[in-house]
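Enquirer: So here's run-v6.txt (compact mmCIF, C-alpha atoms and all ligand atoms).
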# COMPACT_ATOMS: atom_id res chain seq x y z
CA MET A 88 -19.37 -19.08 14.55
CA VAL A 89 -17.24 -16.16 13.35
CA ASN A 90 -17.98 -15.02 9.83
CA PRO A 91 -14.93 -15.95 7.70
CA PHE A 92 -15.48 -13.06 5.28
CA LYS A 93 -14.46 -9.50 5.83
CA TYR A 94 -15.17 -6.33 3.91
CA GLY A 95 -14.70 -2.65 4.54
CA ARG A 96 -11.11 -1.87 5.42
CA GLU A 97 -8.07 -3.48 3.88
CA VAL A 98 -7.46 -7.16 4.49
CA SER A 99 -4.43 -9.33 5.17
CA GLY A 100 -3.50 -12.90 6.13
CA ARG A 101 -6.09 -15.53 5.22
CA GLN A 102 -8.48 -12.82 4.06
CA PHE A 103 -6.10 -11.90 1.27
CA TYR A 104 -5.90 -14.04 -1.86
CA ASP A 105 -4.16 -13.96 -5.22
CA ARG A 106 -2.71 -10.66 -6.33
CA GLN A 107 0.58 -12.46 -6.88
CA GLU A 108 1.19 -10.90 -10.27
CA ALA A 109 0.40 -7.39 -9.09
CA PHE A 110 2.39 -7.99 -5.91
CA ASN A 111 5.44 -9.03 -7.92
CA SER A 112 5.07 -6.13 -10.29
CA LEU A 113 4.85 -3.52 -7.53
CA TYR A 114 7.52 -5.19 -5.44
CA SER A 115 10.01 -5.43 -8.29
CA LYS A 116 9.47 -1.86 -9.48
CA LEU A 117 10.09 -0.52 -5.99
CA ALA A 118 12.98 -2.89 -5.26
CA GLY A 119 14.61 -2.02 -8.57
CA GLY A 120 14.43 1.57 -7.50
CA SER A 121 14.29 2.91 -11.04
CA ALA A 122 10.98 4.73 -10.79
CA ASN A 123 8.16 5.82 -8.58
CA VAL A 124 4.88 4.03 -9.20
CA VAL A 125 1.30 5.13 -9.71
CA MET A 126 -1.28 2.39 -9.31
CA TYR A 127 -4.72 2.58 -10.87
CA ALA A 128 -7.74 0.45 -10.14
CA PRO A 129 -11.44 1.10 -9.79
CA ARG A 130 -12.89 1.42 -6.31
CA ARG A 131 -12.74 -1.54 -3.99
CA TYR A 132 -10.46 -3.73 -6.07
CA GLY A 133 -8.01 -4.12 -3.17
CA LYS A 134 -5.40 -1.39 -3.74
CA THR A 135 -4.80 -0.54 -0.10
CA SER A 136 -4.58 -4.21 0.89
CA LEU A 137 -2.07 -4.92 -1.86
CA VAL A 138 0.16 -1.93 -1.15
CA LYS A 139 0.19 -2.70 2.56
CA LYS A 140 1.16 -6.28 1.81
CA VAL A 141 4.07 -5.12 -0.34
CA LEU A 142 5.15 -2.64 2.33
CA SER A 143 5.14 -5.30 4.99
CA ARG A 144 7.41 -7.45 2.81
CA PHE A 145 9.82 -4.53 2.49
CA SER A 146 9.66 -3.89 6.24
CA GLU A 147 10.51 -7.55 6.91
CA GLU A 148 13.52 -7.08 4.66
CA GLY A 149 14.63 -4.08 6.68
CA VAL A 150 13.49 -1.32 4.30
CA PRO A 151 11.69 1.39 6.30
CA CYS A 152 8.25 2.19 4.88
CA VAL A 153 5.66 4.87 5.51
CA TYR A 154 2.01 4.36 4.56
CA PHE A 155 0.11 7.63 4.58
CA ASP A 156 -3.59 8.07 3.85
CA LEU A 157 -4.33 11.58 2.56
CA ASN A 158 -8.01 11.10 3.38
CA ARG A 159 -7.10 11.18 7.03
CA VAL A 160 -5.89 14.79 6.99
CA GLU A 161 -8.15 17.75 6.47
CA SER A 162 -5.63 20.56 6.10
CA LEU A 163 -2.11 21.17 4.88
CA GLU A 164 -0.96 21.96 8.43
CA ARG A 165 -2.31 18.66 9.65
CA PHE A 166 -0.68 16.87 6.71
CA CYS A 167 2.72 18.37 7.56
CA GLU A 168 2.53 17.45 11.22
CA ALA A 169 1.21 13.95 10.63
CA TYR A 170 3.64 13.21 7.79
CA ALA A 171 6.61 14.57 9.77
CA SER A 172 5.46 12.50 12.75
CA ALA A 173 5.37 9.39 10.57
CA LEU A 174 8.87 10.09 9.24
CA TYR A 175 10.32 10.86 12.66
CA SER A 176 8.70 7.70 13.99
CA LEU A 177 10.39 5.68 11.27
CA VAL A 178 13.80 6.21 12.76
CA GLY A 179 13.30 8.20 15.90
CA GLY A 180 11.22 6.18 18.31
CA ALA A 181 13.78 7.20 20.95
CA LYS A 182 13.62 10.75 22.30
CA GLY A 183 17.29 11.50 21.65
CA ILE A 184 17.04 10.76 17.94
CA ALA A 185 13.85 12.78 17.46
CA HIS A 186 15.49 15.81 18.99
CA ASN A 187 18.54 15.28 16.80
CA LEU A 188 16.32 15.34 13.73
CA ALA A 189 14.70 18.57 14.87
CA GLU A 190 17.37 20.51 13.04
CA TYR A 191 15.85 19.47 9.69
CA LEU A 192 12.89 21.71 10.31
CA SER A 193 14.28 24.16 12.80
CA HIS A 194 12.47 27.21 11.45
CA LEU A 195 9.13 25.45 11.99
CA HIS A 196 10.09 25.15 15.69
CA PRO A 197 9.04 21.52 16.12
CA THR A 198 8.00 20.28 19.52
CA PHE A 199 7.71 16.59 20.26
CA SER A 200 5.54 14.32 22.30
CA PHE A 201 5.96 10.59 22.61
CA GLY A 202 3.70 7.58 22.62
CA GLY A 203 0.49 9.10 21.18
CA GLU A 204 -0.96 8.64 17.70
CA PHE A 205 2.57 8.04 16.42
CA PRO A 206 5.56 6.93 18.50
CA VAL A 207 6.81 10.48 17.95
CA SER A 208 4.26 13.26 17.39
CA VAL A 209 5.40 16.60 16.06
CA LYS A 210 3.74 19.99 16.38
CA PHE A 211 4.93 22.96 14.37
CA ASP A 212 4.71 26.65 14.91
CA TYR A 213 3.74 27.94 11.45
CA GLY A 214 3.77 31.62 12.36
CA ASP A 215 1.14 33.47 10.33
CA LYS A 216 0.66 31.01 7.56
CA MET A 217 1.99 27.84 6.06
CA SER A 218 4.46 28.64 3.28
CA SER A 219 5.60 26.65 0.28
CA THR A 220 9.12 26.57 1.78
CA SER A 221 7.82 24.95 4.95
CA LEU A 222 5.96 22.31 2.95
CA ALA A 223 9.01 21.64 0.77
CA GLU A 224 11.12 21.17 3.88
CA VAL A 225 8.69 18.73 5.41
CA LEU A 226 8.61 16.75 2.15
CA GLY A 227 12.39 16.94 1.95
CA MET A 228 12.83 15.20 5.30
CA ALA A 229 12.31 11.77 3.76
CA GLU A 230 15.49 12.01 1.69
CA LYS A 231 17.54 13.37 4.59
CA ILE A 232 16.40 10.56 6.84
CA ALA A 233 17.16 7.98 4.13
CA VAL A 234 20.67 9.31 3.57
CA GLU A 235 21.72 10.27 7.07
CA HIS A 236 19.94 7.74 9.26
CA VAL A 237 18.82 4.78 7.21
CA HIS A 238 21.87 4.79 4.90
CA GLY A 239 19.67 3.26 2.23
CA SER A 240 16.28 3.57 0.61
CA ILE A 241 12.94 4.20 2.19
CA ILE A 242 9.49 3.77 0.68
CA VAL A 243 6.59 6.16 1.02
CA ALA A 244 3.08 5.10 -0.05
CA PHE A 245 0.55 7.89 -0.46
CA ASP A 246 -2.99 6.48 -0.43
CA GLU A 247 -5.78 8.71 -1.77
CA PHE A 248 -3.03 10.84 -3.29
CA GLN A 249 -5.50 12.75 -5.50
CA GLU A 250 -6.66 14.50 -2.32
CA ILE A 251 -3.52 16.67 -2.04
CA LYS A 252 -5.23 19.12 -4.34
CA GLY A 253 -7.83 19.95 -1.72
CA LEU A 254 -5.41 20.50 1.16
CA SER A 255 -4.81 24.15 0.45
CA PRO A 256 -6.51 26.58 -1.90
CA ASP A 257 -3.52 28.96 -1.81
CA LEU A 258 -0.46 26.91 -2.67
CA PRO A 259 0.38 25.07 -5.93
CA LEU A 260 0.64 21.80 -4.09
CA GLU A 261 1.16 19.43 -6.99
CA GLY A 262 4.08 21.51 -8.22
CA ILE A 263 5.67 21.65 -4.77
CA PHE A 264 5.30 17.91 -4.21
CA ARG A 265 6.67 17.11 -7.64
CA GLY A 266 9.57 19.55 -7.25
CA VAL A 267 10.77 17.94 -4.06
CA ILE A 268 10.08 14.35 -5.04
CA GLN A 269 11.98 14.50 -8.33
CA GLU A 270 15.16 15.56 -6.55
CA GLN A 271 15.11 12.61 -4.19
CA GLN A 272 17.38 9.67 -4.96
CA ASN A 273 16.71 7.45 -1.97
CA VAL A 274 12.96 7.61 -1.51
CA ARG A 275 10.62 5.49 -3.62
CA TYR A 276 7.00 6.55 -3.82
CA VAL A 277 3.80 4.68 -4.58
CA PHE A 278 0.85 6.91 -5.44
CA PHE A 279 -2.63 5.47 -5.53
CA GLY A 280 -6.21 6.17 -4.51
CA SER A 281 -9.84 5.38 -5.06
CA LYS A 282 -10.58 8.22 -7.51
CA THR A 283 -8.90 6.76 -10.55
CA HIS A 284 -10.13 9.39 -12.96
CA MET A 285 -8.51 12.15 -10.89
CA LEU A 286 -5.23 10.29 -10.56
CA LYS A 287 -5.20 9.58 -14.28
CA ARG A 288 -5.55 13.27 -14.99
CA MET A 289 -2.82 14.14 -12.51
CA PHE A 290 -0.32 11.76 -14.08
CA GLY A 291 -1.60 11.86 -17.64
CA GLU A 292 -2.18 15.50 -18.55
CA LYS A 293 0.72 17.37 -20.03
CA SER A 294 0.03 20.54 -18.11
CA ARG A 295 0.15 18.84 -14.72
CA PRO A 296 3.36 18.65 -12.66
CA PHE A 297 3.22 14.87 -12.20
CA TYR A 298 2.82 14.22 -15.93
CA LYS A 299 4.53 10.92 -16.80
CA SER A 300 6.54 11.02 -13.59
CA ALA A 301 5.84 7.47 -12.46
CA ALA A 302 5.68 3.93 -13.81
CA THR A 303 2.08 2.76 -14.11
CA ILE A 304 0.53 -0.37 -12.66
CA LYS A 305 -3.07 -1.26 -13.42
CA LEU A 306 -4.63 -3.51 -10.86
CA GLY A 307 -7.32 -5.63 -12.47
CA LYS A 308 -9.76 -8.10 -11.02
CA PRO A 309 -8.38 -11.30 -9.53
CA PRO A 310 -8.54 -14.44 -11.71
CA GLU A 311 -12.04 -15.90 -11.38
CA ASP A 312 -10.87 -19.39 -10.51
CA GLN A 313 -8.97 -17.97 -7.54
CA SER A 314 -12.02 -16.02 -6.42
CA ARG A 315 -14.08 -19.20 -6.55
CA ALA A 316 -11.43 -21.15 -4.67
CA PHE A 317 -11.26 -18.40 -2.04
CA VAL A 318 -15.01 -18.43 -1.37
CA ALA A 319 -15.13 -22.25 -1.18
CA GLU A 320 -12.06 -22.42 1.08
CA ARG A 321 -13.35 -19.76 3.50
CA LEU A 322 -16.69 -21.55 3.80
CA ALA A 323 -14.94 -24.91 4.19
CA SER A 324 -12.85 -23.45 7.02
CA CYS A 325 -16.17 -23.17 8.91
CA GLY A 326 -17.32 -26.64 7.91
CA ILE A 327 -19.69 -25.38 5.19
CA GLY A 328 -19.85 -27.00 1.79
CA VAL A 329 -20.84 -25.33 -1.46
CA ASP A 330 -21.12 -26.60 -5.00
CA GLU A 331 -19.51 -25.11 -8.08
CA ALA A 332 -22.72 -23.60 -9.42
CA GLU A 333 -23.37 -21.51 -6.31
CA VAL A 334 -19.76 -20.34 -5.99
CA SER A 335 -19.82 -19.30 -9.63
CA ARG A 336 -23.02 -17.40 -9.07
CA ILE A 337 -21.52 -15.51 -6.10
CA VAL A 338 -18.48 -14.55 -8.19
CA GLU A 339 -20.62 -13.54 -11.14
CA ILE A 340 -23.14 -11.45 -9.19
CA SER A 341 -20.41 -9.59 -7.34
CA GLU A 342 -18.70 -9.08 -10.71
CA ASN A 343 -15.58 -10.60 -9.19
CA ILE A 344 -14.77 -7.34 -7.39
CA PRO A 345 -13.07 -8.31 -4.11
CA TYR A 346 -15.10 -6.07 -1.81
CA TYR A 347 -18.48 -7.15 -3.19
CA LEU A 348 -17.38 -10.77 -3.36
CA GLN A 349 -16.63 -10.72 0.35
CA GLU A 350 -19.77 -8.74 1.16
CA LEU A 351 -22.06 -11.17 -0.66
CA SER A 352 -20.22 -14.24 0.65
CA SER A 353 -20.56 -12.88 4.15
CA GLN A 354 -24.33 -12.65 3.71
CA VAL A 355 -24.49 -16.16 2.27
CA PHE A 356 -22.60 -17.44 5.31
CA ASP A 357 -25.12 -15.75 7.62
CA GLN A 358 -28.00 -17.39 5.77
CA VAL A 359 -26.52 -20.86 6.07
CA VAL A 360 -25.70 -20.44 9.75
CA SER A 361 -29.13 -19.11 10.62
CA ALA A 362 -30.72 -22.08 8.81
CA GLU A 363 -28.44 -24.36 10.86
CA ARG A 364 -27.18 -26.12 7.77
CA ASP A 365 -23.66 -26.98 6.66
CA TRP A 366 -24.34 -26.66 2.94
CA VAL A 367 -25.12 -23.66 0.73
CA GLU A 368 -28.48 -23.94 -1.03
CA PRO A 369 -29.33 -21.83 -4.10
CA ALA A 370 -32.01 -20.14 -1.98
CA ASP A 371 -29.28 -18.91 0.41
CA VAL A 372 -27.66 -16.92 -2.37
CA ASP A 373 -31.02 -15.44 -3.38
CA ALA A 374 -31.78 -14.48 0.20
CA ALA A 375 -28.26 -13.06 0.67
CA ILE A 376 -28.70 -10.76 -2.32
CA LYS A 377 -32.05 -9.61 -0.99
CA ASP A 378 -30.64 -8.93 2.47
CA LEU A 379 -27.65 -7.09 1.09
CA LEU A 380 -29.89 -4.83 -1.00
CA ALA A 381 -32.21 -4.26 1.95
CA GLU A 382 -29.32 -3.40 4.28
CA ASN A 383 -27.96 -0.80 1.91
CA ALA A 384 -31.34 0.45 0.67
CA ASP A 385 -31.21 3.77 2.55
CA TRP A 386 -27.81 4.59 1.20
CA TYR A 387 -28.79 3.69 -2.39
CA PHE A 388 -31.91 5.80 -2.07
CA GLU A 389 -29.99 8.81 -0.74
CA GLN A 390 -27.51 8.54 -3.57
CA LEU A 391 -30.22 8.41 -6.21
CA LYS A 392 -32.34 11.10 -4.66
CA GLY A 393 -29.37 13.46 -4.68
CA LEU A 394 -28.95 13.18 -8.45
CA PRO A 395 -30.53 15.56 -10.95
CA PRO A 396 -32.78 13.88 -13.55
CA SER A 397 -30.18 13.80 -16.35
CA GLN A 398 -27.76 11.89 -14.13
CA ARG A 399 -30.44 9.61 -12.80
CA VAL A 400 -31.55 8.60 -16.28
CA LEU A 401 -27.97 7.97 -17.30
CA ALA A 402 -27.32 5.92 -14.15
CA ARG A 403 -30.33 3.79 -14.98
CA ALA A 404 -29.12 3.30 -18.56
CA LEU A 405 -25.65 2.26 -17.41
CA ALA A 406 -27.08 -0.03 -14.75
CA ALA A 407 -29.08 -1.80 -17.45
CA GLU A 408 -26.44 -1.67 -20.15
CA PRO A 409 -22.80 -0.69 -19.57
CA VAL A 410 -21.37 0.94 -22.65
CA ARG A 411 -18.16 2.27 -24.13
CA GLU A 412 -19.62 5.04 -26.24
CA PHE A 413 -23.02 6.68 -26.49
CA PRO A 414 -24.29 6.34 -30.08
CA ALA A 415 -27.63 7.94 -31.02
CA GLU A 416 -29.33 4.59 -30.96
CA TYR A 417 -28.27 3.97 -27.31
CA ARG A 418 -29.28 7.49 -26.29
CA GLU A 419 -32.68 7.05 -27.86
CA ARG A 420 -33.28 3.65 -26.36
CA HIS A 421 -32.63 5.02 -22.88
CA ALA A 422 -34.19 8.46 -23.45
CA LEU A 423 -30.91 10.19 -22.63
CA GLY A 424 -31.21 13.31 -24.75
CA VAL A 425 -28.44 15.00 -26.70
CA SER A 426 -24.82 13.99 -26.57
CA SER A 427 -23.62 17.06 -24.68
CA THR A 428 -26.13 16.50 -21.87
CA VAL A 429 -25.02 12.89 -21.59
CA HIS A 430 -21.41 13.95 -21.43
CA THR A 431 -21.94 16.46 -18.66
CA ALA A 432 -23.99 13.97 -16.66
CA LEU A 433 -21.33 11.30 -17.22
CA LEU A 434 -18.54 13.51 -15.91
CA ARG A 435 -20.54 14.25 -12.77
CA LEU A 436 -21.29 10.58 -12.14
CA VAL A 437 -17.64 9.67 -12.61
CA ASP A 438 -16.56 12.47 -10.27
CA ALA A 439 -19.04 11.28 -7.68
CA GLY A 440 -17.53 7.78 -7.87
CA ILE A 441 -20.84 6.25 -8.98
CA VAL A 442 -19.69 5.39 -12.49
CA GLU A 443 -16.37 3.70 -13.19
CA SER A 444 -14.67 3.37 -16.53
CA ASP A 445 -12.35 0.64 -17.68
CA GLU A 446 -11.41 -1.03 -20.95
CA SER A 447 -14.92 -2.43 -21.25
CA GLY A 448 -16.50 1.02 -20.97
CA TYR A 449 -18.64 2.87 -18.44
CA ARG A 450 -20.55 1.02 -15.75
CA ILE A 451 -22.04 1.55 -12.30
CA GLY A 452 -19.08 0.71 -10.03
CA ASP A 453 -21.10 -1.08 -7.35
CA PRO A 454 -22.91 -4.08 -8.89
CA PHE A 455 -25.47 -4.09 -6.07
CA PHE A 456 -26.20 -0.42 -6.50
CA ALA A 457 -26.79 -1.20 -10.18
CA ARG A 458 -29.34 -3.82 -9.12
CA ALA A 459 -30.98 -1.36 -6.76
CA ILE A 460 -31.25 1.25 -9.51
CA LEU A 461 -33.07 -1.26 -11.69
CA MET A 462 -35.54 -2.35 -9.05
CA PRO A 463 -39.12 -1.52 -9.98
CA PRO A 464 -40.55 1.39 -8.02
CA GLY A 465 -43.60 -0.63 -7.04
CA GLU A 466 -44.28 -4.21 -6.09
CA VAL A 467 -47.02 -6.45 -7.43
CA GLY A 468 -48.56 -9.02 -5.16
CA PRO A 469 -51.02 -9.53 -2.38
CA VAL A 470 -51.18 -6.57 -0.02
CA ARG A 471 -50.58 -7.78 3.52
N1 LIG A 501 -6.56 -9.68 -2.01
C1 LIG A 501 -7.79 -9.70 -1.48
N2 LIG A 501 -8.36 -10.86 -1.09
C2 LIG A 501 -9.61 -10.88 -0.58
N3 LIG A 501 -10.38 -9.81 -0.39
C3 LIG A 501 -9.87 -8.62 -0.75
C4 LIG A 501 -8.55 -8.50 -1.30
N4 LIG A 501 -8.31 -7.21 -1.56
C5 LIG A 501 -9.44 -6.55 -1.19
N5 LIG A 501 -10.37 -7.39 -0.71
C6 LIG A 501 -11.74 -7.03 -0.26
O1 LIG A 501 -12.02 -5.71 -0.69
C7 LIG A 501 -12.21 -4.84 0.44
C8 LIG A 501 -11.56 -3.50 0.14
O2 LIG A 501 -10.16 -3.67 0.09
P1 LIG A 501 -9.19 -2.41 0.00
O3 LIG A 501 -9.57 -1.40 1.02
O4 LIG A 501 -7.80 -2.92 -0.01
O5 LIG A 501 -9.58 -1.90 -1.47
P2 LIG A 501 -9.30 -0.48 -2.14
O6 LIG A 501 -9.15 -0.75 -3.61
O7 LIG A 501 -8.19 0.20 -1.46
O8 LIG A 501 -10.69 0.25 -1.86
P3 LIG A 501 -11.01 1.83 -2.06
O9 LIG A 501 -11.13 2.03 -3.54
O10 LIG A 501 -12.33 2.00 -1.34
O11 LIG A 501 -9.88 2.59 -1.44
C9 LIG A 501 -11.62 -5.58 1.62
O12 LIG A 501 -12.26 -5.25 2.82
C10 LIG A 501 -11.89 -7.02 1.25
O13 LIG A 501 -13.21 -7.38 1.55
MG MG A 502 -8.12 2.08 -0.52
Let me see the structure of the file written as structure tokens.
Expert:
Amino acid sequence: MVNPFKYGREVSGRQFYDRQEAFNSLYSKLAGGSANVVMYAPRRYGKTSLVKKVLSRFSEEGVPCVYFDLNRVESLERFCEAYASALYSLVGGAKGIAHNLAEYLSHLHPTFSFGGEFPVSVKFDYGDKMSSTSLAEVLGMAEKIAVEHVHGSIIVAFDEFQEIKGLSPDLPLEGIFRGVIQEQQNVRYVFFGSKTHMLKRMFGEKSRPFYKSAATIKLGKPPEDQSRAFVAERLASCGIGVDEAEVSRIVEISENIPYYLQELSSQVFDQVVSAERDWVEPADVDAAIKDLLAENADWYFEQLKGLPPSQRVLARALAAEPVREFPAEYRERHALGVSSTVHTALLRLVDAGIVESDESGYRIGDPFFARAILMPPGEVGPVR
């Protein structure tokens, strides 16, 4: 029987539930066309899935959309070629049109090939070095295409947008992006990514080019009742029953974070199937947690081993007790040392994506990693 749960990459169709409020909010901001949007959410809350769902609605309505993942490009040159290819492909699947559009970037001497990674793939001749003018021209293509070929709006979604900073050490990339984007009337942008703290700085610090340049959407957790209904429905679709108490436990243990909810549910499903039952027993959930921790144990161990002691101690404290601030009494209880040490360690853990912060404070982002951190280093019992 095929496992009805899926985790890892983005999801769609029957794997996608709720998000109606966030969907409407993103859809209406983009449809209204009054502002670009930056979307924040901690890791694995379902950002990519949601944005792709909104884009596919716009595509159905005839609005051309580009989804671009900045994590997939390792250099500025590669970004320019891949982004230009995506834009050309939007309107220029046919050879004639692509060659017509070549004039937009004539000094980069584009050459085209068809039917590869994109319907139209572009290569540029950068000469000695990539210049800010070349980048600005590539970014400017979107508006030209919207005006001259689409005769309407287009939407560009930049996933992992915080990564633009690392594309080139030489050019002031944020300033160049912002300069071009703010002139465009017919392109709507959605910026988002999994490193919330970096995006927040990009859009929230006065000295940064993108400061207050986009409407903000915060994607929270799905409503718990919908998470419970989702788990029960997916299991029922395979003829497996589950009672309220066990569904609630699955939602609670995964902290109602979509990725972990699907990961744990997937393990529970495996337990039930291997026991040849059609009902979830409490022991299945216990065994699923154990298996999940065992499967990821190497990765957890590597993560922990790579941390210096100050960060490890802080990770342990946050795993045991998430917190908003670090009063002396908390620091003492967890043997954290002075406030400045805690602060430095905290910044590092946030940068590494291990610690997330939200309204409730700082916590280990992955609830199962938090469990792994708290596991005793030794086991007591009969030695086999
Ligand atoms: N609406 C949803 N319904 C059900 N499951 C979801 C939903 N959104 C996300 N998920 C679960 O979370 C996983 C990650 O989703 P997605 O890649 O969209 O999240 P993300 O926030 O973009 O993650 P990251 O922070 O790693 O970029 C999916 O594989 C799926 O298991
Ligand atoms: Mg994502």
Enquirer: Fewer than 3 positions away in the same chain doesn't count, so skip those; otherwise give me all residues within 10 Å of Gly149 of chain A, counting all atoms listed in the file, as a list in words.
Expert: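 The contact residues come out as Ser143, Arg144, Phe145, Ser146, Cys152, Val237, Gly239, Ser240 and Ile241 of chain A.
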Enquirer: Name the residues, by chain letter and number, that sit within 7 Å of ligand LIG 501 (chain A) using all atoms listed in the file, and give them as number ranges by chain.
Expert: A: 93-98, 102-106, 128-137, 280-281, 345-346, 349-350
Enquirer: List the residues sitting within 12 Å of (12.5, 16.4, -10.7) in the file's frame, using only C-alpha atoms, as a ChimeraX atom specification.
Expert: /A:122-123,262-272,296-301
Enquirer: Do you have the atom CA of Gly452 of chain A-atom CA of Gly440 of chain A distance handy?
Expert: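 Answer for the atom CA of Gly452 of chain A to atom CA of Gly440 of chain A separation: 7.6 Å.
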Enquirer: For a test of reading the model, state the distance in Å between atom CA of Lys282 of chain A and atom CA of Ser335 of chain A, rounded to one decimal.
Expert: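 So the answer is 29.1 Å.
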Enquirer: Could you tell me which of A:Lys392, A:Val338, A:Val367, A:Tyr191 comes closest to Lys231 of chain A if we count all atoms listed in the file?
Expert: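 Nearest to Lys231 of chain A: A:Tyr191.
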Enquirer: When distances are computed from all atoms listed in the file, which of A:Asn383, A:Asn158, A:Ser324, A:Asn273 shows the smallest separation from Phe356 of chain A?
Expert: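 Of all the options, A:Ser324 lies closest to Phe356 of chain A.
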Enquirer: Fewer than 4 positions away in the same chain doesn't count, so skip those; otherwise give me all residues within 12 Å of Ser427 of chain A, counting only C-alpha atoms, as a list in words.
Expert: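 Within the cut-off, the hits are Ser397, Phe413, Ala415, Arg418, Leu423, Thr431, Ala432, Leu433 and Leu434 of chain A.
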Enquirer: Find the residue from A:Glu235, A:Glu204, A:Asp373, A:Asp246 that sits nearest to ligand MG 502 (chain A); use only C-alpha atoms and all ligand atoms when measuring.
Expert: A:Asp246
Enquirer: Taking 4 positions as the minimum chain separation for residues in the same chain, which residues sit within 9 Å of segment 159-176 of chain A when counting all atoms listed in the file? Answer as a CSV table (one decimal) with C-alpha atoms, in the coordinates of the input.
Expert:
chain,number,residue,atom,x,y,z
A,153,VAL,CA,5.7,4.9,5.5
A,154,TYR,CA,2.0,4.4,4.6
A,155,PHE,CA,0.1,7.6,4.6
A,180,GLY,CA,11.2,6.2,18.3
A,181,ALA,CA,13.8,7.2,21.0
A,184,ILE,CA,17.0,10.8,17.9
A,185,ALA,CA,13.8,12.8,17.5
A,188,LEU,CA,16.3,15.3,13.7
A,199,PHE,CA,7.7,16.6,20.3
A,204,GLU,CA,-1.0,8.6,17.7
A,205,PHE,CA,2.6,8.0,16.4
A,206,PRO,CA,5.6,6.9,18.5
A,207,VAL,CA,6.8,10.5,18.0
A,208,SER,CA,4.3,13.3,17.4
A,209,VAL,CA,5.4,16.6,16.1
A,210,LYS,CA,3.7,20.0,16.4
A,211,PHE,CA,4.9,23.0,14.4
A,213,TYR,CA,3.7,27.9,11.4
A,217,MET,CA,2.0,27.8,6.1
A,221,SER,CA,7.8,25.0,5.0
A,222,LEU,CA,6.0,22.3,3.0
A,225,VAL,CA,8.7,18.7,5.4
A,226,LEU,CA,8.6,16.8,2.2
A,228,MET,CA,12.8,15.2,5.3
A,229,ALA,CA,12.3,11.8,3.8
A,232,ILE,CA,16.4,10.6,6.8
A,251,ILE,CA,-3.5,16.7,-2.0
A,253,GLY,CA,-7.8,20.0,-1.7
A,254,LEU,CA,-5.4,20.5,1.2
A,255,SER,CA,-4.8,24.2,0.4
Enquirer: Any idea what the distance is between atom CA of Leu461 of chain A and atom CA of Glu339 of chain A?
Expert: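 Separating atom CA of Leu461 of chain A from atom CA of Glu339 of chain A is a distance of 17.5 Å.
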Enquirer: Calculated over all atoms listed in the file, which of the candidates A:Glu416, A:Glu247, A:Glu320, A:Arg364 has the smallest distance to ligand MG 502 (chain A)?
Expert: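 Among A:Glu416, A:Glu247, A:Glu320, A:Arg364, it is A:Glu247 that comes nearest to ligand MG 502 (chain A).
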Enquirer: Find the residues with any atom within 12 Å of (-20.2, -14.7, 15.9); use all atoms listed in the file and the coordinates as given in the file, and write the answer as a PyMOL selection string.
Expert: chain A and resi 88-92+325+353+356-357+360-361
Enquirer: From the options A:Ala233, A:Leu113, A:Ala244, A:Leu380, which residue's atoms come nearest to ligand MG 502 (chain A), counting all atoms listed in the file?
Expert: A:Ala244
